[in-house]
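**Student:** Before I ask anything, here is the structure I am working with.
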Amino acid sequence: TGLLALVALLLGAFVYFYEIEGETARESARESEKRLFAGLDAASIASLELTTTDGIPARFARPEGAWRVIAPVEDSGDAAALDAIASALAQLVRAGTVQSSPGDLDQFGLGAQARIVRFEAEGAPHSLRIGRSTPVGGNVYVAVDDSDEVAFVEGFRLNAFRHDLTELRDRRIAALDAAALATLAIAWPDAGATTRVELERDASDVWRIRAPIEARADQQTVRELISNLEYLQATQFVDERTPEIEAALSETALELSWTERAASEGGAQAGAEPARSLRIAGLEGGARIVERGGRLYRLAPERLEDFVRRRDAYRDRQLVELAPGALAKIELAFADGASVAWTRGESGWSAADRAIDADAVSGLADQLATLRSEQIVADGMGERELASVGLAPPAVKIVLSTADAAGEPIGLELGRLDPERGLFARRTGQTEVHALA
């Protein structure tokens, strides 16, 4: 029995380590043997040269780890697209080979008409010739370096090489580090003048308005502004200034400028880097022209609408900002004397003197916990003005209390509903009058 147990144990170990675990290694080895460029590491590819799908011979290099376009223009390269090409070269495996006579490559499209991808890895030059499709099977003939051996690969593995020059250039216009932003300014023409809002991030990472007033900024609006700037992408590049381009540049639709905190050697943020800026100009050929650092780009015209061009929108419009589930009590007092109070317990929301729809109260609590206005109507109003908007006296007074005994209750006052402007409201103790949606 002991011998049989030992045999069973050895057999089990053989099945596990050789048949199961070993199969993965053997499959990897077989895959490696089928690679066109055996032992090639995508990260070792230092330069690329190919003809793009729009027929332009182009060269790319990454001298310090970042891809750049070397020809026909000098520019930053699209890291994702060029990394995909490098990865495709390293992982390209043959699906099979065909018999061919030395020097007879034209019948496979691998002669003078072949598309050639040249690259350098670890100081050694290599090339991939791409020919025509095979008669059946969806494969494509290829040849490596100066070899006359004709192989074929699955056609989808060559998709990474099918890009025009624009797609291989870095189309990000701003190319900023959102986390490192220290200041941000936006300006736009308004009624013959220029409106400018200057923003600054304080030590607590809270954005504040620095000009035209000193106030807390609306954090959501600023986050959206940064996101739209960070992901602003060109549809095309403008490499030649024509009279039409110059005419578009004479107009200004929007200007953005920013500074980033400079990182110290220890990783902490210190100081600030030089200011950067971009300008969205007029229309040319159905696109907006953008000027950034001496370069010109074409931008889809609708992208201009992504940037809020209303000064009051950058003011803090968050009337209440509590964590989910923080509310423990809601009290409402109406102008006619009626009132109601809801409290939240372990079983949910309830009222002491009446049956309620707990789900409806829960939904109301969620809205009140993160109440945000559409706009600030006025920084302050006199009694007559407050009466005209239904806030003197208010139509409804709301008191919000949290479970935290140390937290002060939050008071809200609701006024008249204007069909065009919204529901007038203000926070108790503050002078700003808001309009809710």
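Starting from 1 in every chain, residues are counted up; chains themselves are A, B, ... following the order of the structure tokens, and ligands are numbered from 1 as listed.
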Hey, what does DSSP flag as strand (DSSP E) within region 172-402 of chain A? Can you give it to me as a VMD selection string?
**Tutor:** chain A and resid 181 to 190 193 to 201 207 to 211 215 to 216 236 to 238 252 to 263 269 to 272 276 to 284 287 to 292 295 to 299 327 to 334 339 to 345 348 to 350 375 to 378 396 to 402
**Student:** Set the distance at 9 Å and use only C-alpha atoms: which residues neighbour region 149-166 of chain A once local chain neighbours fewer than 5 positions away are removed? I'd like the list as a ChimeraX atom specification.
**Tutor:** /A:36,50-58,81-82,84-89,91-102,105,108,110,117,130,133-134,137-144,171,235-237
**Student:** For each of A:Glu167, A:Glu49, A:Glu240, A:Asp404, take the minimum atom-to-atom distance to Ser127 (chain A), counting only C-alpha atoms, then give the residue where this is smallest.
**Tutor:**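 Closest candidate: A:Glu49.
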**Student:** Find the residues near Ala378 (chain A): any atom within 10 Å, counting only C-alpha atoms, skip ones fewer than 3 places away on the same chain, and give them as a list in words.
**Tutor:**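 The contact residues come out as Asp312, Gln375, Met381, Thr431, Glu432, Val433, His434 and Ala435 of chain A.
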**Student:** Can you check which residues of region 88-305 of chain A DSSP gives as helix (DSSP H, G or I) on the backbone and send them as a VMD selection string?
**Tutor:** chain A and resid 88 to 91 106 to 108 155 to 161 165 to 168 178 to 180 219 to 230 243 to 249 301 to 305
**Student:** Would you please work out which residue, of A:Asp353, A:Asp379, A:Asp170, A:Glu251, is nearest to Ile213 (chain A) when using only C-alpha atoms?
**Tutor:**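 Ranked by minimum distance to Ile213 (chain A), first place goes to A:Asp379.
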**Student:** With distances taken over only C-alpha atoms, which residue among A:Ala175, A:Leu9, A:Ala248, A:Ala182 lies nearest Glu230 (chain A)?
**Tutor:**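 Distance minimum relative to Glu230 (chain A) lands on A:Ala175.
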**Student:** A:Ala365, A:Gly382, A:Ala43, A:Ala193: which is nearest Glu321 (chain A), counting only C-alpha atoms?
**Tutor:**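 Smallest distance to Glu321 (chain A) is found for A:Ala365.
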**Student:** Just the residues within 12 Å of Ser47 (chain A), please, counting only C-alpha atoms, with nothing from its chain fewer than 5 positions along; format it as a PyMOL selection string.
**Tutor:** chain A and resi 42+58-71+77+82-83+85-86+117-127
**Student:** Restricting it to C-alpha atoms, dump the selection as a PDB file, in the first residue's frame.
**Tutor:**
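Saved file part.pdb follows:
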```pdb
ATOM      1  CA  ALA A  42       9.444  45.547 -27.741  1.00  0.00           C
ATOM      2  CA  ALA A  58       7.945  58.595 -41.701  1.00  0.00           C
ATOM      3  CA  ARG A  59      10.638  57.986 -39.097  1.00  0.00           C
ATOM      4  CA  PHE A  60      10.211  57.736 -35.337  1.00  0.00           C
ATOM      5  CA  ALA A  61      12.607  57.376 -32.413  1.00  0.00           C
ATOM      6  CA  ARG A  62      12.496  57.339 -28.628  1.00  0.00           C
ATOM      7  CA  PRO A  63      15.833  58.784 -27.500  1.00  0.00           C
ATOM      8  CA  GLU A  64      14.857  59.065 -23.814  1.00  0.00           C
ATOM      9  CA  GLY A  65      11.998  56.611 -23.622  1.00  0.00           C
ATOM     10  CA  ALA A  66       9.413  58.932 -25.193  1.00  0.00           C
ATOM     11  CA  TRP A  67       8.434  58.488 -28.848  1.00  0.00           C
ATOM     12  CA  ARG A  68       9.119  61.361 -31.223  1.00  0.00           C
ATOM     13  CA  VAL A  69       8.450  61.946 -34.911  1.00  0.00           C
ATOM     14  CA  ILE A  70      11.767  62.578 -36.661  1.00  0.00           C
ATOM     15  CA  ALA A  71      10.533  62.951 -40.259  1.00  0.00           C
ATOM     16  CA  GLY A  77       4.747  60.765 -31.277  1.00  0.00           C
ATOM     17  CA  LEU A  82       3.893  53.505 -31.622  1.00  0.00           C
ATOM     18  CA  ASP A  83       4.116  51.165 -28.632  1.00  0.00           C
ATOM     19  CA  ILE A  85       3.736  48.826 -33.494  1.00  0.00           C
ATOM     20  CA  ALA A  86       6.773  47.875 -31.395  1.00  0.00           C
ATOM     21  CA  VAL A 117       8.846  48.471 -41.787  1.00  0.00           C
ATOM     22  CA  ARG A 118      12.425  49.125 -40.688  1.00  0.00           C
ATOM     23  CA  PHE A 119      13.509  49.332 -37.055  1.00  0.00           C
ATOM     24  CA  GLU A 120      16.562  49.234 -34.849  1.00  0.00           C
ATOM     25  CA  ALA A 121      16.793  47.205 -31.640  1.00  0.00           C
ATOM     26  CA  GLU A 122      19.861  47.004 -29.417  1.00  0.00           C
ATOM     27  CA  GLY A 123      21.918  48.646 -32.146  1.00  0.00           C
ATOM     28  CA  ALA A 124      21.018  46.091 -34.833  1.00  0.00           C
ATOM     29  CA  PRO A 125      18.912  47.038 -37.897  1.00  0.00           C
ATOM     30  CA  HIS A 126      15.942  44.867 -38.890  1.00  0.00           C
ATOM     31  CA  SER A 127      13.162  45.019 -41.452  1.00  0.00           C
TER      32      SER A 127
END
```
**Student:** Would you list the contacts of region 295-311 of chain A as a PDB file with N, CA and C atoms, in the first residue's frame, taking every protein, DNA or RNA residue within 10 Å and counting only C-alpha atoms, but skipping same-chain residues closer than 2 positions in sequence?
**Tutor:**
```
ATOM      1  N   ASP A  75       8.174  66.295 -34.093  1.00  0.00           N
ATOM      2  CA  ASP A  75       7.016  66.430 -33.208  1.00  0.00           C
ATOM      3  C   ASP A  75       7.009  65.262 -32.224  1.00  0.00           C
ATOM      4  N   ARG A 171      -1.579  63.773 -30.662  1.00  0.00           N
ATOM      5  CA  ARG A 171      -2.635  64.755 -30.947  1.00  0.00           C
ATOM      6  C   ARG A 171      -3.104  65.502 -29.705  1.00  0.00           C
ATOM      7  N   ARG A 172      -2.537  65.182 -28.546  1.00  0.00           N
ATOM      8  CA  ARG A 172      -2.882  65.953 -27.352  1.00  0.00           C
ATOM      9  C   ARG A 172      -2.336  67.369 -27.514  1.00  0.00           C
ATOM     10  N   ILE A 173      -3.187  68.341 -27.306  1.00  0.00           N
ATOM     11  CA  ILE A 173      -2.763  69.717 -27.530  1.00  0.00           C
ATOM     12  C   ILE A 173      -2.112  70.297 -26.287  1.00  0.00           C
ATOM     13  N   ILE A 186      -8.662  81.078 -17.623  1.00  0.00           N
ATOM     14  CA  ILE A 186      -9.454  80.960 -18.841  1.00  0.00           C
ATOM     15  C   ILE A 186      -9.990  82.337 -19.195  1.00  0.00           C
ATOM     16  N   ALA A 187      -9.906  82.686 -20.479  1.00  0.00           N
ATOM     17  CA  ALA A 187     -10.367  84.005 -20.941  1.00  0.00           C
ATOM     18  C   ALA A 187     -11.081  83.846 -22.265  1.00  0.00           C
ATOM     19  N   TRP A 188     -12.116  84.688 -22.467  1.00  0.00           N
ATOM     20  CA  TRP A 188     -12.891  84.627 -23.703  1.00  0.00           C
ATOM     21  C   TRP A 188     -13.478  86.008 -24.003  1.00  0.00           C
ATOM     22  N   PRO A 189     -13.723  86.301 -25.277  1.00  0.00           N
ATOM     23  CA  PRO A 189     -14.327  87.593 -25.621  1.00  0.00           C
ATOM     24  C   PRO A 189     -15.789  87.624 -25.210  1.00  0.00           C
ATOM     25  N   ASP A 190     -16.224  88.767 -24.673  1.00  0.00           N
ATOM     26  CA  ASP A 190     -17.604  88.902 -24.200  1.00  0.00           C
ATOM     27  C   ASP A 190     -18.056  90.343 -24.371  1.00  0.00           C
ATOM     28  N   THR A 195     -13.334  88.611 -20.913  1.00  0.00           N
ATOM     29  CA  THR A 195     -13.608  88.129 -19.555  1.00  0.00           C
ATOM     30  C   THR A 195     -12.544  87.096 -19.201  1.00  0.00           C
ATOM     31  N   ARG A 196     -11.953  87.246 -18.020  1.00  0.00           N
ATOM     32  CA  ARG A 196     -10.864  86.361 -17.604  1.00  0.00           C
ATOM     33  C   ARG A 196     -11.113  85.889 -16.176  1.00  0.00           C
ATOM     34  N   VAL A 197     -10.986  84.607 -15.975  1.00  0.00           N
ATOM     35  CA  VAL A 197     -11.118  84.014 -14.637  1.00  0.00           C
ATOM     36  C   VAL A 197      -9.804  83.327 -14.311  1.00  0.00           C
ATOM     37  N   PRO A 212     -11.653  87.543 -11.214  1.00  0.00           N
ATOM     38  CA  PRO A 212     -11.784  88.961 -10.853  1.00  0.00           C
ATOM     39  C   PRO A 212     -12.207  89.205  -9.408  1.00  0.00           C
ATOM     40  N   THR A 221     -16.906  72.352 -11.577  1.00  0.00           N
ATOM     41  CA  THR A 221     -16.663  73.069 -12.831  1.00  0.00           C
ATOM     42  C   THR A 221     -15.180  73.095 -13.167  1.00  0.00           C
ATOM     43  N   VAL A 222     -14.338  73.297 -12.156  1.00  0.00           N
ATOM     44  CA  VAL A 222     -12.892  73.325 -12.396  1.00  0.00           C
ATOM     45  C   VAL A 222     -12.397  71.946 -12.812  1.00  0.00           C
ATOM     46  N   GLU A 224     -14.061  69.670 -14.418  1.00  0.00           N
ATOM     47  CA  GLU A 224     -14.484  69.464 -15.806  1.00  0.00           C
ATOM     48  C   GLU A 224     -13.611  70.270 -16.764  1.00  0.00           C
ATOM     49  N   LEU A 225     -13.256  71.500 -16.360  1.00  0.00           N
ATOM     50  CA  LEU A 225     -12.378  72.339 -17.181  1.00  0.00           C
ATOM     51  C   LEU A 225     -11.020  71.662 -17.382  1.00  0.00           C
ATOM     52  N   ILE A 226     -10.454  71.143 -16.307  1.00  0.00           N
ATOM     53  CA  ILE A 226      -9.152  70.477 -16.386  1.00  0.00           C
ATOM     54  C   ILE A 226      -9.245  69.232 -17.258  1.00  0.00           C
ATOM     55  N   SER A 227     -10.308  68.459 -17.085  1.00  0.00           N
ATOM     56  CA  SER A 227     -10.482  67.240 -17.875  1.00  0.00           C
ATOM     57  C   SER A 227     -10.589  67.563 -19.360  1.00  0.00           C
ATOM     58  N   ASN A 228     -11.380  68.580 -19.702  1.00  0.00           N
ATOM     59  CA  ASN A 228     -11.530  68.963 -21.116  1.00  0.00           C
ATOM     60  C   ASN A 228     -10.221  69.464 -21.702  1.00  0.00           C
ATOM     61  N   LEU A 229      -9.432  70.159 -20.888  1.00  0.00           N
ATOM     62  CA  LEU A 229      -8.140  70.645 -21.356  1.00  0.00           C
ATOM     63  C   LEU A 229      -7.155  69.487 -21.515  1.00  0.00           C
ATOM     64  N   LEU A 232      -7.972  67.400 -24.662  1.00  0.00           N
ATOM     65  CA  LEU A 232      -8.176  68.142 -25.903  1.00  0.00           C
ATOM     66  C   LEU A 232      -7.263  67.580 -26.986  1.00  0.00           C
ATOM     67  N   GLN A 233      -7.850  67.080 -28.072  1.00  0.00           N
ATOM     68  CA  GLN A 233      -7.071  66.447 -29.128  1.00  0.00           C
ATOM     69  C   GLN A 233      -7.332  67.093 -30.480  1.00  0.00           C
ATOM     70  N   ALA A 234      -6.271  67.202 -31.247  1.00  0.00           N
ATOM     71  CA  ALA A 234      -6.371  67.767 -32.594  1.00  0.00           C
ATOM     72  C   ALA A 234      -6.961  66.743 -33.553  1.00  0.00           C
ATOM     73  N   THR A 235      -7.692  67.223 -34.537  1.00  0.00           N
ATOM     74  CA  THR A 235      -8.154  66.339 -35.604  1.00  0.00           C
ATOM     75  C   THR A 235      -7.107  66.254 -36.703  1.00  0.00           C
ATOM     76  N   GLN A 236      -6.336  67.341 -36.870  1.00  0.00           N
ATOM     77  CA  GLN A 236      -5.255  67.390 -37.863  1.00  0.00           C
ATOM     78  C   GLN A 236      -4.191  68.366 -37.383  1.00  0.00           C
ATOM     79  N   PHE A 237      -3.050  68.321 -38.040  1.00  0.00           N
ATOM     80  CA  PHE A 237      -1.963  69.246 -37.737  1.00  0.00           C
ATOM     81  C   PHE A 237      -1.837  70.256 -38.875  1.00  0.00           C
ATOM     82  N   VAL A 238      -1.498  71.480 -38.527  1.00  0.00           N
ATOM     83  CA  VAL A 238      -1.282  72.530 -39.525  1.00  0.00           C
ATOM     84  C   VAL A 238       0.217  72.796 -39.581  1.00  0.00           C
ATOM     85  N   ASP A 239       0.852  72.363 -40.650  1.00  0.00           N
ATOM     86  CA  ASP A 239       2.303  72.517 -40.789  1.00  0.00           C
ATOM     87  C   ASP A 239       2.680  73.658 -41.718  1.00  0.00           C
ATOM     88  N   GLU A 240       1.684  74.318 -42.301  1.00  0.00           N
ATOM     89  CA  GLU A 240       1.962  75.432 -43.222  1.00  0.00           C
ATOM     90  C   GLU A 240       0.955  76.550 -42.970  1.00  0.00           C
ATOM     91  N   ARG A 241       1.462  77.750 -42.808  1.00  0.00           N
ATOM     92  CA  ARG A 241       0.595  78.909 -42.569  1.00  0.00           C
ATOM     93  C   ARG A 241       0.172  79.513 -43.909  1.00  0.00           C
ATOM     94  N   ILE A 245      -5.280  80.492 -42.919  1.00  0.00           N
ATOM     95  CA  ILE A 245      -4.896  80.162 -41.544  1.00  0.00           C
ATOM     96  C   ILE A 245      -4.606  81.439 -40.764  1.00  0.00           C
ATOM     97  N   LEU A 249      -6.324  82.956 -37.357  1.00  0.00           N
ATOM     98  CA  LEU A 249      -5.526  83.269 -36.178  1.00  0.00           C
ATOM     99  C   LEU A 249      -5.726  84.698 -35.693  1.00  0.00           C
ATOM    100  N   ALA A 253     -11.235  82.865 -29.813  1.00  0.00           N
ATOM    101  CA  ALA A 253     -12.473  82.376 -29.210  1.00  0.00           C
ATOM    102  C   ALA A 253     -12.278  82.010 -27.746  1.00  0.00           C
ATOM    103  N   LEU A 254     -11.041  81.601 -27.395  1.00  0.00           N
ATOM    104  CA  LEU A 254     -10.779  81.168 -26.020  1.00  0.00           C
ATOM    105  C   LEU A 254      -9.276  81.104 -25.795  1.00  0.00           C
ATOM    106  N   LEU A 278      -2.477  78.054 -24.426  1.00  0.00           N
ATOM    107  CA  LEU A 278      -2.953  77.744 -25.769  1.00  0.00           C
ATOM    108  C   LEU A 278      -4.088  78.698 -26.101  1.00  0.00           C
ATOM    109  N   ARG A 279      -4.305  78.865 -27.388  1.00  0.00           N
ATOM    110  CA  ARG A 279      -5.353  79.778 -27.848  1.00  0.00           C
ATOM    111  C   ARG A 279      -6.178  79.097 -28.918  1.00  0.00           C
ATOM    112  N   ILE A 280      -7.488  79.066 -28.708  1.00  0.00           N
ATOM    113  CA  ILE A 280      -8.409  78.561 -29.729  1.00  0.00           C
ATOM    114  C   ILE A 280      -8.854  79.756 -30.557  1.00  0.00           C
ATOM    115  N   ALA A 281      -8.499  79.733 -31.840  1.00  0.00           N
ATOM    116  CA  ALA A 281      -8.751  80.881 -32.711  1.00  0.00           C
ATOM    117  C   ALA A 281     -10.015  80.660 -33.550  1.00  0.00           C
ATOM    118  N   GLY A 282     -10.057  81.339 -34.703  1.00  0.00           N
ATOM    119  CA  GLY A 282     -11.252  81.300 -35.549  1.00  0.00           C
ATOM    120  C   GLY A 282     -11.342  80.033 -36.380  1.00  0.00           C
ATOM    121  N   LEU A 283     -12.339  80.019 -37.265  1.00  0.00           N
ATOM    122  CA  LEU A 283     -12.623  78.849 -38.097  1.00  0.00           C
ATOM    123  C   LEU A 283     -11.884  78.930 -39.427  1.00  0.00           C
ATOM    124  N   GLU A 284     -11.437  77.761 -39.890  1.00  0.00           N
ATOM    125  CA  GLU A 284     -10.849  77.647 -41.230  1.00  0.00           C
ATOM    126  C   GLU A 284     -11.147  76.238 -41.717  1.00  0.00           C
ATOM    127  N   GLY A 285     -11.823  76.161 -42.858  1.00  0.00           N
ATOM    128  CA  GLY A 285     -12.150  74.853 -43.414  1.00  0.00           C
ATOM    129  C   GLY A 285     -13.017  73.997 -42.519  1.00  0.00           C
ATOM    130  N   GLY A 286     -13.902  74.641 -41.752  1.00  0.00           N
ATOM    131  CA  GLY A 286     -14.809  73.895 -40.889  1.00  0.00           C
ATOM    132  C   GLY A 286     -14.220  73.451 -39.576  1.00  0.00           C
ATOM    133  N   ALA A 287     -12.989  73.890 -39.263  1.00  0.00           N
ATOM    134  CA  ALA A 287     -12.347  73.509 -38.002  1.00  0.00           C
ATOM    135  C   ALA A 287     -11.807  74.749 -37.302  1.00  0.00           C
ATOM    136  N   ARG A 288     -11.709  74.678 -35.990  1.00  0.00           N
ATOM    137  CA  ARG A 288     -11.069  75.737 -35.222  1.00  0.00           C
ATOM    138  C   ARG A 288      -9.554  75.562 -35.307  1.00  0.00           C
ATOM    139  N   ILE A 289      -8.834  76.662 -35.435  1.00  0.00           N
ATOM    140  CA  ILE A 289      -7.382  76.619 -35.425  1.00  0.00           C
ATOM    141  C   ILE A 289      -6.906  76.889 -34.002  1.00  0.00           C
ATOM    142  N   VAL A 290      -6.010  76.042 -33.515  1.00  0.00           N
ATOM    143  CA  VAL A 290      -5.482  76.185 -32.159  1.00  0.00           C
ATOM    144  C   VAL A 290      -3.987  76.460 -32.241  1.00  0.00           C
ATOM    145  N   GLU A 291      -3.525  77.426 -31.466  1.00  0.00           N
ATOM    146  CA  GLU A 291      -2.113  77.778 -31.397  1.00  0.00           C
ATOM    147  C   GLU A 291      -1.593  77.394 -30.023  1.00  0.00           C
ATOM    148  N   ARG A 292      -0.539  76.602 -30.021  1.00  0.00           N
ATOM    149  CA  ARG A 292       0.034  76.138 -28.745  1.00  0.00           C
ATOM    150  C   ARG A 292       1.535  75.978 -28.883  1.00  0.00           C
ATOM    151  N   GLY A 293       2.286  76.802 -28.181  1.00  0.00           N
ATOM    152  CA  GLY A 293       3.734  76.684 -28.197  1.00  0.00           C
ATOM    153  C   GLY A 293       4.352  76.806 -29.575  1.00  0.00           C
ATOM    154  N   ALA A 313     -20.208  80.784 -13.422  1.00  0.00           N
ATOM    155  CA  ALA A 313     -20.169  79.314 -13.343  1.00  0.00           C
ATOM    156  C   ALA A 313     -18.952  78.827 -12.570  1.00  0.00           C
ATOM    157  N   TYR A 314     -17.916  79.687 -12.442  1.00  0.00           N
ATOM    158  CA  TYR A 314     -16.714  79.277 -11.725  1.00  0.00           C
ATOM    159  C   TYR A 314     -16.792  79.602 -10.233  1.00  0.00           C
ATOM    160  N   ARG A 315     -17.857  80.304  -9.822  1.00  0.00           N
ATOM    161  CA  ARG A 315     -18.090  80.531  -8.401  1.00  0.00           C
ATOM    162  C   ARG A 315     -18.585  79.246  -7.752  1.00  0.00           C
ATOM    163  N   GLN A 375     -26.831  78.613 -10.803  1.00  0.00           N
ATOM    164  CA  GLN A 375     -26.092  79.869 -10.902  1.00  0.00           C
ATOM    165  C   GLN A 375     -26.273  80.691  -9.638  1.00  0.00           C
TER     166      GLN A 375
END
```
**Student:** Which neighbours of region 421-425 of chain A fall inside 7 Å, counting only C-alpha atoms, when residues of the same chain fewer than 5 positions from it are skipped, and could you give them as a ChimeraX atom specification?
**Tutor:** /A:389,413-416,433-437
